[in-house]
Amino acid sequence: MLRFAVTFLAVITSSTCQKYGCLEGDTQKLKPSPEPRMQECTLYSKSSCCYADFTEQLAHSPVIKVSNSYWNRCGQLSKSCEDFTKKIECFYRCSPYAARWIHPNNTAAIQAVPLCQSFCDDWYEACKDDSICVRNWLTDWERDESGENHCKNKCIPYHEMYTNGTDMCQSMWGESFKVSESSCLCLQMNKKDSIAIKYLRSKSSSSEESSSSSSSSEEHACQKKLLKFEKLKQKQKEGEQTR
């Protein structure tokens, strides 16, 4: 899962992926497009970088295997832990936003995607009592001739492998994710991401190019928009209850 491709396509440059396309992994399209028949990862159904048939692997719980990677090498994941693992898998495979954080040396990989602290804490809480045998899911597996993953070390609880949510988010997928200092300019793998993404700088814009005042302005605008989203969501909920 989230396995980086070992070959690179020279036809599409990294900047093109950032602006218009998808990551160049083994399941991604060249450009995102609607996938109304998705069985999972439906957050991205209106603009998806994966095909609907890929999501069939995630549609039934417990998930055993995705592509050539087994999820149950240390036993089946709990439902709550599996749900978070699906969110990460869906983002990498299907999100039209992922290529904004394309890795500079690997067009099939992501780097420093900003995750919200609350998301990482909730993910850790969901998985802390499940078991795992690798710290980095990208590099620490032993792979056989068919590319399938196997443990090299004994299985231990997540809470022994990772100190907390921050440690897990910034270690499990290598350089793929970072915990954001902002509570708004970050991703939660839900509908709120559409708000955050409007204010997040693309990977091509370095932090040095943006002043602190500009960053503060983005944070304020994001928080204001998020508040409106929450109020609208609450009104919709109240309307449903009065029907």
# chains A, B, ... in the order shown; residues from 1 in each chain; ligands from 1

$ residues_around --residues "Cys94 (chain A)" --least-positions-apart "4" --cutoff "8 Å" --atoms "only C-alpha atoms" --output "ChimeraX atom specification"
/A:28,41,44,48-51,90

$ select_by_dssp --residues "region 29-231 of chain A" --states "helix (DSSP H, G or I)" --output "ChimeraX atom specification"
/A:42-44,52-58,79-94,98-101,117-127,158-161,165-169,193-199,207-209,212-231

$ residues_around --residues "Lys192 (chain A)" --least-positions-apart "5" --cutoff "10 Å" --atoms "only C-alpha atoms" --output "ChimeraX atom specification"
/A:184,186-187,197,225-226,229-230

$ select_by_dssp --residues "region 99-222 of chain A" --states "strand (DSSP E or B)" --output "number ranges by chain"
A: 102-103, 106-110, 113-115, 131-132, 142-143, 149-150, 156-157, 177-179, 187

$ atom_distance --atom1 "CA of Glu148 (chain A)" --atom2 "CA of Lys79 (chain A)"
23.1 Å

$ residues_around --residues "Ser61 (chain A)" --least-positions-apart "2" --cutoff "9 Å" --atoms "only C-alpha atoms" --output "list in words"
Leu58, Ala59, Val63, Ile64, Lys79 and Glu82 of chain A

$ write_last_selection --atoms "C-alpha atoms" --output "compact mmCIF listing (two decimals), in the first residue's frame"
# COMPACT_ATOMS: atom_id res chain seq x y z
CA LEU A 58 -11.34 -1.60 -0.14
CA ALA A 59 -15.07 -2.22 -0.26
CA VAL A 63 -9.47 -5.56 3.99
CA ILE A 64 -6.95 -8.33 3.37
CA LYS A 79 -12.59 -1.58 12.13
CA GLU A 82 -8.95 0.06 9.09

$ atom_distance --atom1 "CA of Asn149 (chain A)" --atom2 "CA of Thr107 (chain A)"
22.2 Å

$ atom_distance --atom1 "CA of Asp140 (chain A)" --atom2 "CA of Lys128 (chain A)"
19.2 Å

$ residues_around --residues "Phe177 (chain A)" --least-positions-apart "2" --cutoff "10 Å" --atoms "only C-alpha atoms" --output "PyMOL selection string"
chain A and resi 101+110-115+166+168-175+179-180
